[in-house]
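J.: Contents are compact mmCIF, C-alpha atoms; file name coords_28.txt:
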# COMPACT_ATOMS: atom_id res chain seq x y z
CA MET I 151 3.00 -5.76 -0.13
CA SER I 152 0.02 -3.65 -0.93
CA LEU I 153 -2.46 -6.47 -0.34
CA MET I 154 -1.94 -5.25 3.24
CA LYS I 155 -4.13 -2.21 2.46
CA ILE I 156 -7.11 -4.50 1.91
CA PHE I 157 -6.93 -5.32 5.60
CA ASP I 158 -7.34 -1.62 6.41
CA THR I 159 -10.22 -1.23 3.96
CA ALA I 160 -12.08 -4.35 5.06
CA GLY I 161 -11.25 -3.52 8.69
CA SER I 162 -12.83 -0.07 8.40
CA GLY I 163 -15.89 -1.73 6.86
CA MET I 164 -16.10 -4.17 9.75
CA ALA I 165 -15.73 -1.38 12.30
CA ALA I 166 -18.51 0.64 10.61
CA GLU I 167 -20.87 -2.33 10.44
CA SER I 168 -20.27 -3.27 14.06
CA LEU I 169 -21.04 0.35 15.03
CA ARG I 170 -24.28 -0.02 13.11
CA LEU I 171 -25.07 -3.26 14.97
CA ASN I 172 -24.33 -1.43 18.21
CA THR I 173 -26.81 1.32 17.31
CA VAL I 174 -29.46 -1.26 16.45
CA ALA I 175 -28.89 -2.93 19.84
CA SER I 176 -29.29 0.33 21.73
CA ASN I 177 -32.40 1.28 19.73
CA LEU I 178 -34.03 -2.09 20.38
CA ALA I 179 -33.07 -1.99 24.06
CA ASN I 180 -34.75 1.41 24.38
CA ALA I 181 -37.84 0.53 22.34
CA ASP I 182 -39.99 0.53 25.49
CA SER I 183 -38.32 3.40 27.34
CA VAL I 184 -40.71 6.12 28.53
CA SER I 185 -40.14 9.70 29.58
CA ASN I 186 -42.21 12.66 30.79
CA SER I 187 -41.95 14.90 27.70
CA ALA I 188 -41.85 14.47 23.92
CA ASP I 189 -38.46 16.22 23.77
CA SER I 190 -36.70 13.94 26.22
CA ALA I 191 -38.23 10.75 24.79
CA TYR I 192 -35.77 8.28 23.25
CA LYS I 193 -35.35 8.81 19.49
CA ALA I 194 -34.12 6.01 17.25
CA LYS I 195 -30.52 6.69 16.22
CA GLU I 196 -29.08 6.17 12.76
CA LEU I 197 -25.50 6.37 11.54
CA LEU I 198 -24.16 8.33 8.57
CA PHE I 199 -21.43 6.63 6.56
CA ALA I 200 -19.02 8.21 4.09
CA PRO I 201 -15.98 6.93 2.20
CA THR I 202 -12.65 7.98 3.72
CA GLN I 203 -10.80 10.63 1.73
CA ASP I 204 -7.19 11.70 1.49
CA GLY I 205 -6.00 13.56 4.57
CA ASP I 206 -8.83 12.48 6.82
CA GLY I 207 -6.43 11.01 9.28
CA VAL I 208 -8.92 8.25 10.00
CA GLY I 209 -8.60 4.74 8.66
CA VAL I 210 -7.28 4.36 5.12
CA THR I 211 -6.60 7.25 2.78
CA GLY I 212 -7.66 7.86 -0.80
CA ALA I 213 -5.17 7.42 -3.63
CA SER I 214 -2.15 5.37 -2.63
CA SER I 215 1.35 5.84 -3.99
CA ASP I 216 0.94 3.16 -6.67
CA GLY I 217 -2.11 4.88 -8.11
CA ALA I 218 -4.80 2.49 -6.92
CA VAL I 219 -7.64 4.21 -5.16
CA ASN I 220 -8.64 2.51 -1.98
CA ASN I 221 -11.39 3.95 0.11
CA GLY I 222 -12.31 2.71 3.51
CA VAL I 223 -15.52 3.73 5.18
CA ARG I 224 -15.99 5.94 8.21
CA MET I 225 -18.82 7.14 10.39
CA VAL I 226 -19.46 10.88 9.93
CA GLY I 227 -22.28 11.34 12.38
CA VAL I 228 -25.35 10.13 14.20
CA THR I 229 -28.82 11.32 13.27
CA GLU I 230 -32.01 10.90 15.25
CA SER I 231 -35.20 9.64 13.68
CA GLN I 232 -37.79 12.40 13.07
CA GLN I 233 -40.78 10.07 13.43
CA PRO I 234 -43.45 11.33 15.88
CA VAL I 235 -43.17 10.12 19.47
CA GLU I 236 -46.08 8.05 20.77
CA SER I 237 -47.85 9.29 23.88
CA HIS I 238 -49.94 7.09 26.16
CA TYR I 239 -52.42 8.12 28.86
CA GLU I 240 -51.07 6.46 32.01
CA PRO I 241 -51.91 8.65 35.02
CA GLY I 242 -50.61 5.99 37.44
CA ASN I 243 -47.12 5.98 35.91
CA PRO I 244 -44.53 7.83 38.04
CA MET I 245 -43.07 9.29 34.83
CA ALA I 246 -46.42 10.79 33.73
CA ASP I 247 -46.59 14.57 33.11
CA ALA I 248 -49.22 16.95 34.58
CA ASN I 249 -51.90 15.71 32.16
CA GLY I 250 -51.16 12.05 32.90
CA TYR I 251 -49.30 11.28 29.65
CA VAL I 252 -46.07 9.34 29.23
CA TYR I 253 -44.00 9.50 26.05
CA GLY I 254 -42.54 6.34 24.53
CA SER I 255 -39.72 6.04 22.01
CA ASN I 256 -40.13 6.32 18.22
CA VAL I 257 -38.14 3.13 17.60
CA ASN I 258 -39.60 0.97 14.83
CA PRO I 259 -38.56 -2.63 15.64
CA ILE I 260 -39.08 -3.76 12.03
CA ASP I 261 -36.68 -1.11 10.71
CA GLU I 262 -34.16 -2.08 13.35
CA LEU I 263 -34.30 -5.79 12.57
CA VAL I 264 -33.91 -5.13 8.84
CA ASN I 265 -30.94 -2.89 9.66
CA MET I 266 -29.48 -5.64 11.81
CA ILE I 267 -29.67 -8.22 9.01
CA SER I 268 -28.13 -5.80 6.51
CA ALA I 269 -25.31 -4.87 8.92
CA SER I 270 -24.49 -8.48 9.73
CA ARG I 271 -24.41 -9.48 6.04
CA SER I 272 -22.10 -6.59 5.18
CA TYR I 273 -19.88 -7.52 8.12
CA GLN I 274 -19.66 -11.10 6.84
CA ASN I 275 -18.74 -9.83 3.37
CA ASN I 276 -15.83 -7.88 4.80
CA VAL I 277 -14.68 -10.88 6.84
CA GLU I 278 -14.76 -12.97 3.65
CA VAL I 279 -12.63 -10.41 1.80
CA MET I 280 -10.12 -10.38 4.64
CA ASN I 281 -9.93 -14.18 4.79
CA THR I 282 -9.35 -14.56 1.05
CA THR I 283 -6.69 -11.85 1.10
CA LYS I 284 -4.96 -13.52 4.02
CA GLN I 285 -4.80 -16.87 2.21
CA LEU I 286 -3.42 -15.28 -0.93
CA MET I 287 -0.79 -13.37 1.04
CA ILE I 288 0.36 -16.63 2.59
CA LYS I 289 0.52 -18.21 -0.88
CA THR I 290 2.54 -15.27 -2.18
CA ILE I 291 4.96 -15.55 0.72
CA ASP I 292 5.37 -19.28 0.01
CA LEU I 293 6.20 -18.53 -3.64
CA GLY I 294 8.93 -20.74 -5.09
CA SER I 295 9.01 -23.24 -2.26
CA MET S 1090 15.80 -1.97 -9.99
CA GLY S 1091 18.15 -2.09 -12.95
CA ILE S 1092 19.60 -5.45 -13.92
CA VAL S 1093 17.74 -7.54 -11.36
CA SER S 1094 14.30 -6.25 -12.32
CA THR S 1095 15.08 -6.61 -16.04
CA VAL S 1096 16.09 -10.24 -15.52
CA LEU S 1097 13.02 -10.95 -13.42
CA ASP S 1098 10.79 -9.28 -16.02
CA ASN S 1099 12.22 -11.56 -18.67
CA VAL S 1100 11.75 -14.63 -16.51
CA PHE S 1101 8.23 -14.02 -15.34
CA GLY S 1102 6.98 -12.21 -18.42
CA LEU S 1103 3.57 -10.67 -18.21
CA SER S 1104 2.61 -12.71 -15.13
CA GLY S 1105 4.55 -10.44 -12.80
CA GLN S 1106 2.79 -7.32 -14.06
CA ALA S 1107 -0.54 -9.10 -14.13
CA LEU S 1108 -0.06 -10.12 -10.49
CA GLY S 1109 0.35 -6.47 -9.49
CA LEU S 1110 -2.74 -5.49 -11.44
CA TRP S 1111 -4.89 -8.25 -9.94
CA GLN S 1112 -3.73 -7.00 -6.57
CA GLN S 1113 -4.78 -3.42 -7.36
CA ARG S 1114 -8.09 -4.66 -8.65
CA SER S 1115 -8.70 -6.61 -5.45
CA GLU S 1116 -8.04 -3.41 -3.48
CA THR S 1117 -10.62 -1.54 -5.52
CA ILE S 1118 -13.23 -4.28 -5.08
CA ALA S 1119 -12.47 -4.46 -1.34
CA SER S 1120 -13.27 -0.71 -1.18
CA ASN S 1121 -16.54 -1.35 -2.96
CA ILE S 1122 -17.52 -4.06 -0.49
CA ALA S 1123 -16.50 -1.96 2.52
CA ASN S 1124 -18.69 0.88 1.21
CA ALA S 1125 -21.67 -1.33 0.37
CA ASP S 1126 -23.86 0.74 2.74
CA THR S 1127 -22.41 4.20 2.15
CA PRO S 1128 -24.86 6.65 0.56
CA ASN S 1129 -23.76 8.15 -2.79
CA TYR S 1130 -20.75 5.84 -3.06
CA LYS S 1131 -20.10 4.84 -6.67
CA ALA S 1132 -18.67 1.37 -7.24
CA ARG S 1133 -15.48 1.29 -9.32
CA ASP S 1134 -13.41 -1.29 -11.13
CA VAL S 1135 -10.10 -1.48 -12.97
CA ASP S 1136 -10.22 -1.62 -16.76
CA PHE S 1137 -7.92 -4.63 -16.83
CA ARG S 1138 -7.22 -4.80 -20.57
CA SER S 1139 -6.04 -1.21 -20.88
CA ALA S 1140 -4.21 -1.33 -17.56
CA LEU S 1141 -2.25 -4.42 -18.59
CA GLN S 1142 -1.51 -2.96 -22.02
CA GLN S 1143 -0.17 0.13 -20.32
CA ALA S 1144 1.85 -1.89 -17.81
CA SER S 1145 3.37 -4.10 -20.51
CA GLY S 1146 4.36 -1.05 -22.53
CA ASP S 1147 2.47 -1.67 -25.79
CA SER S 1148 -0.12 0.93 -25.05
CA THR S 1149 -1.63 3.00 -27.82
CA ASN S 1150 -1.39 5.97 -25.47
CA LEU S 1151 1.61 8.21 -26.09
CA GLN S 1152 4.16 8.07 -23.32
CA LEU S 1153 5.83 11.22 -22.03
CA ALA S 1154 9.39 11.60 -23.25
CA THR S 1155 12.00 12.14 -20.53
CA PRO S 1156 15.05 13.52 -22.34
CA SER S 1157 16.94 14.56 -19.23
CA GLU S 1158 17.54 13.13 -15.78
CA GLY S 1159 14.98 14.13 -13.17
CA GLN S 1160 12.09 14.76 -15.50
CA ILE S 1161 8.88 13.07 -14.54
CA GLY S 1162 7.86 10.44 -17.07
CA SER S 1163 4.53 8.71 -17.31
CA ASP S 1164 4.48 5.85 -14.88
CA SER S 1165 4.21 2.28 -16.05
CA THR S 1166 1.85 1.43 -13.18
CA THR S 1167 -1.85 2.07 -13.45
CA SER S 1168 -3.20 5.50 -12.78
CA THR S 1169 -6.62 6.37 -11.44
CA ASP S 1170 -7.68 6.95 -15.08
CA ASP S 1171 -7.98 3.19 -15.47
CA LEU S 1172 -10.63 3.08 -12.79
CA LYS S 1173 -14.06 3.00 -14.37
CA TYR S 1174 -17.39 3.40 -12.68
CA ARG S 1175 -19.58 0.35 -12.63
CA VAL S 1176 -23.01 0.47 -14.30
CA PRO S 1177 -25.53 -0.42 -11.57
CA LEU S 1178 -27.89 -3.31 -12.24
CA GLN S 1179 -30.56 -1.95 -9.97
CA PRO S 1180 -30.44 1.72 -8.96
CA SER S 1181 -30.91 2.42 -5.29
CA MET S 1182 -32.56 5.41 -3.58
CA ASP S 1183 -29.45 6.51 -1.68
CA GLY S 1184 -27.26 6.85 -4.79
CA ASN S 1185 -25.10 3.85 -3.90
CA THR S 1186 -24.16 1.74 -6.93
CA VAL S 1187 -22.53 -1.17 -5.08
CA ASP S 1188 -24.21 -4.47 -5.88
CA THR S 1189 -22.86 -6.83 -3.21
CA GLN S 1190 -23.42 -10.00 -5.23
CA VAL S 1191 -21.62 -8.59 -8.26
CA GLU S 1192 -18.72 -7.37 -6.12
CA GLN S 1193 -18.46 -10.72 -4.37
CA SER S 1194 -18.32 -12.68 -7.61
CA GLN S 1195 -15.82 -10.21 -9.09
CA PHE S 1196 -13.67 -10.50 -5.99
CA ALA S 1197 -13.78 -14.30 -6.17
CA SER S 1198 -12.87 -14.40 -9.87
CA ASN S 1199 -10.18 -11.78 -9.31
CA MET S 1200 -8.59 -13.90 -6.61
CA VAL S 1201 -8.66 -16.99 -8.84
CA HIS S 1202 -6.87 -14.98 -11.52
CA TYR S 1203 -4.37 -13.84 -8.91
CA GLN S 1204 -3.70 -17.46 -7.98
CA ALA S 1205 -3.30 -18.36 -11.65
CA SER S 1206 -0.65 -15.66 -12.14
CA LEU S 1207 0.96 -16.84 -8.93
CA SER S 1208 1.21 -20.43 -10.15
CA PHE S 1209 2.66 -19.29 -13.50
CA ILE S 1210 5.38 -17.47 -11.58
CA ASN S 1211 5.83 -20.47 -9.33
CA SER S 1212 6.34 -22.83 -12.26
CA SER S 1213 8.87 -20.42 -13.79
CA ILE S 1214 10.79 -20.53 -10.53
CA GLN S 1215 10.65 -24.33 -10.50
CA THR S 1216 11.85 -24.50 -14.09
CA LEU S 1217 14.76 -22.22 -13.21
CA ARG S 1218 15.60 -24.39 -10.22
CA LEU S 1219 15.57 -27.47 -12.39
CA ALA S 1220 17.97 -25.77 -14.80
CA ILE S 1221 20.26 -24.65 -11.96
CA ASN S 1222 20.36 -28.06 -10.32
CA GLY S 1223 20.68 -29.89 -13.62
CA GLY S 1224 17.84 -32.19 -12.70
CA GLY S 1225 19.55 -33.32 -9.51
CA GLN S 1226 18.11 -33.19 -6.03
CA SER S 1227 17.23 -29.64 -4.99
Using structure tokens, write down the structure from this file.
T.:
Amino acid sequence: MSLMKIFDTAGSGMAAESLRLNTVASNLANADSVSNSADSAYKAKELLFAPTQDGDGVGVTGASSDGAVNNGVRMVGVTESQQPVESHYEPGNPMADANGYVYGSNVNPIDELVNMISASRSYQNNVEVMNTTKQLMIKTIDLGS
Amino acid sequence: MGIVSTVLDNVFGLSGQALGLWQQRSETIASNIANADTPNYKARDVDFRSALQQASGDSTNLQLATPSEGQIGSDSTTSTDDLKYRVPLQPSMDGNTVDTQVEQSQFASNMVHYQASLSFINSSIQTLRLAINGGGQS
């Protein structure tokens, strides 16, 4: 029964969205982290998504034997935000550099919260697809009874 | 295949083929929803009318002749040619053309159609049962 493939597709979507939620959580948790140089400061992380293709070996593959194209989604990489890092003059801070500056993160909490809402909505969509498919599979199995 | 599938085709008519097509369409829409946040992903959908025409055999497209055993004929199932790209309602910056609301409503209506085909098949089975039992207790 090829409705089964929808579980793979929606499952890969759920996995991707939960990864995104995970990234948001770690960005928000590190929003107030400080360090002693601009290079080692925490940079907000973002995920790159791409549809799965034939022969990827991850998740679902492209064209199936019956001709229908079903693409899952996969994570292809993590990028770091290029926004400038804020520096504060805090000579009393143990993390301060020689000039008395500490470097915060470049996490933008508004971006992160918007990302969180988007990720959770997409996750719910995939759950809905899975639920509907499950009910229809049960109905198909019960056919003729 | 062979006799059994011919008999079943006659019993269930177009509903059996339609059921398979609704299933393929639901797969395609599930892909769209899973890739709702993927940059440059283009939403796709099955052209149901032409796919069903092709599946039921009265297509205007010429079929490949297979004069000898082992030659590859054109399949009666849908090919990827029947997948069309969706026209986006509101273009987005990242090149993604998935509109979640549209996909959700399409998925819902697709599943209702699937259930409709399913109940047509179900009633055919019940009619057959009635005929076999002669109206007695099943």
J.: Hey, what's within 12 Å of region 227-244 of chain I if we count only C-alpha atoms and toss same-chain stuff fewer than 6 positions away? As a PDB file with C-alpha atoms, in the coordinates of the input, please?
T.:
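As written to disk, out04.pdb reads:
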ATOM      1  CA  ALA I 166     -18.510   0.640  10.610  1.00  0.00           C
ATOM      2  CA  LEU I 169     -21.040   0.350  15.030  1.00  0.00           C
ATOM      3  CA  ARG I 170     -24.280  -0.020  13.110  1.00  0.00           C
ATOM      4  CA  THR I 173     -26.810   1.320  17.310  1.00  0.00           C
ATOM      5  CA  ASN I 177     -32.400   1.280  19.730  1.00  0.00           C
ATOM      6  CA  ALA I 181     -37.840   0.530  22.340  1.00  0.00           C
ATOM      7  CA  ASP I 182     -39.990   0.530  25.490  1.00  0.00           C
ATOM      8  CA  SER I 183     -38.320   3.400  27.340  1.00  0.00           C
ATOM      9  CA  VAL I 184     -40.710   6.120  28.530  1.00  0.00           C
ATOM     10  CA  SER I 185     -40.140   9.700  29.580  1.00  0.00           C
ATOM     11  CA  ASN I 186     -42.210  12.660  30.790  1.00  0.00           C
ATOM     12  CA  SER I 187     -41.950  14.900  27.700  1.00  0.00           C
ATOM     13  CA  ALA I 188     -41.850  14.470  23.920  1.00  0.00           C
ATOM     14  CA  ASP I 189     -38.460  16.220  23.770  1.00  0.00           C
ATOM     15  CA  SER I 190     -36.700  13.940  26.220  1.00  0.00           C
ATOM     16  CA  ALA I 191     -38.230  10.750  24.790  1.00  0.00           C
ATOM     17  CA  TYR I 192     -35.770   8.280  23.250  1.00  0.00           C
ATOM     18  CA  LYS I 193     -35.350   8.810  19.490  1.00  0.00           C
ATOM     19  CA  ALA I 194     -34.120   6.010  17.250  1.00  0.00           C
ATOM     20  CA  LYS I 195     -30.520   6.690  16.220  1.00  0.00           C
ATOM     21  CA  GLU I 196     -29.080   6.170  12.760  1.00  0.00           C
ATOM     22  CA  LEU I 197     -25.500   6.370  11.540  1.00  0.00           C
ATOM     23  CA  LEU I 198     -24.160   8.330   8.570  1.00  0.00           C
ATOM     24  CA  PHE I 199     -21.430   6.630   6.560  1.00  0.00           C
ATOM     25  CA  ALA I 200     -19.020   8.210   4.090  1.00  0.00           C
ATOM     26  CA  GLY I 250     -51.160  12.050  32.900  1.00  0.00           C
ATOM     27  CA  TYR I 251     -49.300  11.280  29.650  1.00  0.00           C
ATOM     28  CA  VAL I 252     -46.070   9.340  29.230  1.00  0.00           C
ATOM     29  CA  TYR I 253     -44.000   9.500  26.050  1.00  0.00           C
ATOM     30  CA  GLY I 254     -42.540   6.340  24.530  1.00  0.00           C
ATOM     31  CA  SER I 255     -39.720   6.040  22.010  1.00  0.00           C
ATOM     32  CA  ASN I 256     -40.130   6.320  18.220  1.00  0.00           C
ATOM     33  CA  VAL I 257     -38.140   3.130  17.600  1.00  0.00           C
ATOM     34  CA  ASN I 258     -39.600   0.970  14.830  1.00  0.00           C
ATOM     35  CA  ASP I 261     -36.680  -1.110  10.710  1.00  0.00           C
ATOM     36  CA  GLU I 262     -34.160  -2.080  13.350  1.00  0.00           C
TER      37      GLU I 262
END
J.: Just need the residues of chain I within 10 Å of chain S, counting only C-alpha atoms, so spit them out as a VMD selection string.
T.: chain I and resid 151 to 167 198 to 202 213 to 225 268 to 269 271 to 273 275 to 276 278 to 280 282 to 283 286 289 to 290 292 to 295
J.: For a quick check of understanding, using only C-alpha atoms, which of S:Ala1205, S:Val1176, S:Leu1103, S:Leu1217 has the smallest distance to Gln1143 (chain S)?
T.: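 Distance minimum relative to Gln1143 (chain S) lands on S:Leu1103.
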J.: One decimal, Å: what's the distance from CA of Phe1137 (chain S) over to CA of Gln1106 (chain S), could you say?
T.: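 CA of Gln1106 (chain S) lies 11.4 Å from CA of Phe1137 (chain S).
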J.: Could you work out how far CA of Ser1104 (chain S) lies from CA of Ala1144 (chain S), giving the answer in Å with one decimal?
T.: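 It comes out at 11.2 Å.
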J.: CA of Leu171 (chain I) and CA of Arg1175 (chain S) are how many Å apart?
T.: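 Spanning CA of Leu171 (chain I) to CA of Arg1175 (chain S) is a straight-line distance of 28.4 Å.
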J.: Could you model N, CA, C and O atoms for region 244-268 of chain I and present them as a PDB file, keeping the file's coordinate frame?
T.:
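The new file result-v6.pdb reads:
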ATOM      1  N   PRO I 244     -45.292   6.764  37.362  1.00  0.00           N
ATOM      2  CA  PRO I 244     -44.530   7.830  38.040  1.00  0.00           C
ATOM      3  C   PRO I 244     -43.876   8.805  37.069  1.00  0.00           C
ATOM      4  O   PRO I 244     -43.563   9.932  37.443  1.00  0.00           O
ATOM      5  N   MET I 245     -43.693   8.390  35.810  1.00  0.00           N
ATOM      6  CA  MET I 245     -43.070   9.290  34.830  1.00  0.00           C
ATOM      7  C   MET I 245     -44.106  10.190  34.142  1.00  0.00           C
ATOM      8  O   MET I 245     -43.723  11.002  33.287  1.00  0.00           O
ATOM      9  N   ALA I 246     -45.372  10.041  34.443  1.00  0.00           N
ATOM     10  CA  ALA I 246     -46.420  10.790  33.730  1.00  0.00           C
ATOM     11  C   ALA I 246     -46.282  12.297  33.969  1.00  0.00           C
ATOM     12  O   ALA I 246     -45.849  12.729  35.033  1.00  0.00           O
ATOM     13  N   ASP I 247     -46.634  13.110  32.935  1.00  0.00           N
ATOM     14  CA  ASP I 247     -46.590  14.570  33.110  1.00  0.00           C
ATOM     15  C   ASP I 247     -47.888  15.043  33.779  1.00  0.00           C
ATOM     16  O   ASP I 247     -48.712  14.238  34.201  1.00  0.00           O
ATOM     17  N   ALA I 248     -48.085  16.381  33.849  1.00  0.00           N
ATOM     18  CA  ALA I 248     -49.220  16.950  34.580  1.00  0.00           C
ATOM     19  C   ALA I 248     -50.556  16.448  34.053  1.00  0.00           C
ATOM     20  O   ALA I 248     -51.520  16.277  34.810  1.00  0.00           O
ATOM     21  N   ASN I 249     -50.634  16.179  32.727  1.00  0.00           N
ATOM     22  CA  ASN I 249     -51.900  15.710  32.160  1.00  0.00           C
ATOM     23  C   ASN I 249     -52.056  14.198  32.209  1.00  0.00           C
ATOM     24  O   ASN I 249     -53.017  13.652  31.669  1.00  0.00           O
ATOM     25  N   GLY I 250     -51.075  13.506  32.782  1.00  0.00           N
ATOM     26  CA  GLY I 250     -51.160  12.050  32.900  1.00  0.00           C
ATOM     27  C   GLY I 250     -50.633  11.290  31.708  1.00  0.00           C
ATOM     28  O   GLY I 250     -50.915  10.100  31.538  1.00  0.00           O
ATOM     29  N   TYR I 251     -49.844  11.959  30.845  1.00  0.00           N
ATOM     30  CA  TYR I 251     -49.300  11.280  29.650  1.00  0.00           C
ATOM     31  C   TYR I 251     -47.836  10.874  29.862  1.00  0.00           C
ATOM     32  O   TYR I 251     -47.069  11.607  30.480  1.00  0.00           O
ATOM     33  N   VAL I 252     -47.486   9.693  29.325  1.00  0.00           N
ATOM     34  CA  VAL I 252     -46.070   9.340  29.230  1.00  0.00           C
ATOM     35  C   VAL I 252     -45.710   9.249  27.749  1.00  0.00           C
ATOM     36  O   VAL I 252     -46.572   8.990  26.906  1.00  0.00           O
ATOM     37  N   TYR I 253     -44.451   9.494  27.447  1.00  0.00           N
ATOM     38  CA  TYR I 253     -44.000   9.500  26.050  1.00  0.00           C
ATOM     39  C   TYR I 253     -43.038   8.342  25.800  1.00  0.00           C
ATOM     40  O   TYR I 253     -42.024   8.222  26.498  1.00  0.00           O
ATOM     41  N   GLY I 254     -43.388   7.499  24.855  1.00  0.00           N
ATOM     42  CA  GLY I 254     -42.540   6.340  24.530  1.00  0.00           C
ATOM     43  C   GLY I 254     -41.451   6.731  23.541  1.00  0.00           C
ATOM     44  O   GLY I 254     -41.240   7.900  23.247  1.00  0.00           O
ATOM     45  N   SER I 255     -40.759   5.756  23.005  1.00  0.00           N
ATOM     46  CA  SER I 255     -39.720   6.040  22.010  1.00  0.00           C
ATOM     47  C   SER I 255     -40.345   5.954  20.616  1.00  0.00           C
ATOM     48  O   SER I 255     -41.461   5.469  20.455  1.00  0.00           O
ATOM     49  N   ASN I 256     -39.631   6.450  19.599  1.00  0.00           N
ATOM     50  CA  ASN I 256     -40.130   6.320  18.220  1.00  0.00           C
ATOM     51  C   ASN I 256     -39.386   5.220  17.464  1.00  0.00           C
ATOM     52  O   ASN I 256     -39.242   5.264  16.254  1.00  0.00           O
ATOM     53  N   VAL I 257     -38.873   4.229  18.228  1.00  0.00           N
ATOM     54  CA  VAL I 257     -38.140   3.130  17.600  1.00  0.00           C
ATOM     55  C   VAL I 257     -39.124   2.214  16.866  1.00  0.00           C
ATOM     56  O   VAL I 257     -40.153   1.846  17.417  1.00  0.00           O
ATOM     57  N   ASN I 258     -38.784   1.917  15.595  1.00  0.00           N
ATOM     58  CA  ASN I 258     -39.600   0.970  14.830  1.00  0.00           C
ATOM     59  C   ASN I 258     -38.851  -0.366  14.783  1.00  0.00           C
ATOM     60  O   ASN I 258     -37.846  -0.481  14.082  1.00  0.00           O
ATOM     61  N   PRO I 259     -39.314  -1.368  15.541  1.00  0.00           N
ATOM     62  CA  PRO I 259     -38.560  -2.630  15.640  1.00  0.00           C
ATOM     63  C   PRO I 259     -38.324  -3.287  14.292  1.00  0.00           C
ATOM     64  O   PRO I 259     -37.278  -3.912  14.078  1.00  0.00           O
ATOM     65  N   ILE I 260     -39.253  -3.126  13.349  1.00  0.00           N
ATOM     66  CA  ILE I 260     -39.080  -3.760  12.030  1.00  0.00           C
ATOM     67  C   ILE I 260     -37.880  -3.145  11.309  1.00  0.00           C
ATOM     68  O   ILE I 260     -37.013  -3.840  10.806  1.00  0.00           O
ATOM     69  N   ASP I 261     -37.829  -1.798  11.312  1.00  0.00           N
ATOM     70  CA  ASP I 261     -36.680  -1.110  10.710  1.00  0.00           C
ATOM     71  C   ASP I 261     -35.375  -1.600  11.320  1.00  0.00           C
ATOM     72  O   ASP I 261     -34.392  -1.839  10.623  1.00  0.00           O
ATOM     73  N   GLU I 262     -35.389  -1.710  12.645  1.00  0.00           N
ATOM     74  CA  GLU I 262     -34.160  -2.080  13.350  1.00  0.00           C
ATOM     75  C   GLU I 262     -33.711  -3.481  12.989  1.00  0.00           C
ATOM     76  O   GLU I 262     -32.521  -3.729  12.788  1.00  0.00           O
ATOM     77  N   LEU I 263     -34.678  -4.404  12.891  1.00  0.00           N
ATOM     78  CA  LEU I 263     -34.300  -5.790  12.570  1.00  0.00           C
ATOM     79  C   LEU I 263     -33.771  -5.891  11.146  1.00  0.00           C
ATOM     80  O   LEU I 263     -32.809  -6.620  10.889  1.00  0.00           O
ATOM     81  N   VAL I 264     -34.399  -5.140  10.230  1.00  0.00           N
ATOM     82  CA  VAL I 264     -33.910  -5.130   8.840  1.00  0.00           C
ATOM     83  C   VAL I 264     -32.481  -4.578   8.786  1.00  0.00           C
ATOM     84  O   VAL I 264     -31.594  -5.126   8.127  1.00  0.00           O
ATOM     85  N   ASN I 265     -32.271  -3.499   9.553  1.00  0.00           N
ATOM     86  CA  ASN I 265     -30.940  -2.890   9.660  1.00  0.00           C
ATOM     87  C   ASN I 265     -29.921  -3.881  10.200  1.00  0.00           C
ATOM     88  O   ASN I 265     -28.790  -3.930   9.740  1.00  0.00           O
ATOM     89  N   MET I 266     -30.379  -4.673  11.184  1.00  0.00           N
ATOM     90  CA  MET I 266     -29.480  -5.640  11.810  1.00  0.00           C
ATOM     91  C   MET I 266     -29.037  -6.693  10.793  1.00  0.00           C
ATOM     92  O   MET I 266     -27.846  -7.016  10.700  1.00  0.00           O
ATOM     93  N   ILE I 267     -30.003  -7.195  10.006  1.00  0.00           N
ATOM     94  CA  ILE I 267     -29.670  -8.220   9.010  1.00  0.00           C
ATOM     95  C   ILE I 267     -28.687  -7.651   7.992  1.00  0.00           C
ATOM     96  O   ILE I 267     -27.665  -8.257   7.664  1.00  0.00           O
ATOM     97  N   SER I 268     -28.994  -6.434   7.511  1.00  0.00           N
ATOM     98  CA  SER I 268     -28.130  -5.800   6.510  1.00  0.00           C
ATOM     99  C   SER I 268     -26.718  -5.597   7.063  1.00  0.00           C
ATOM    100  O   SER I 268     -25.722  -5.884   6.385  1.00  0.00           O
TER     101      SER I 268
END
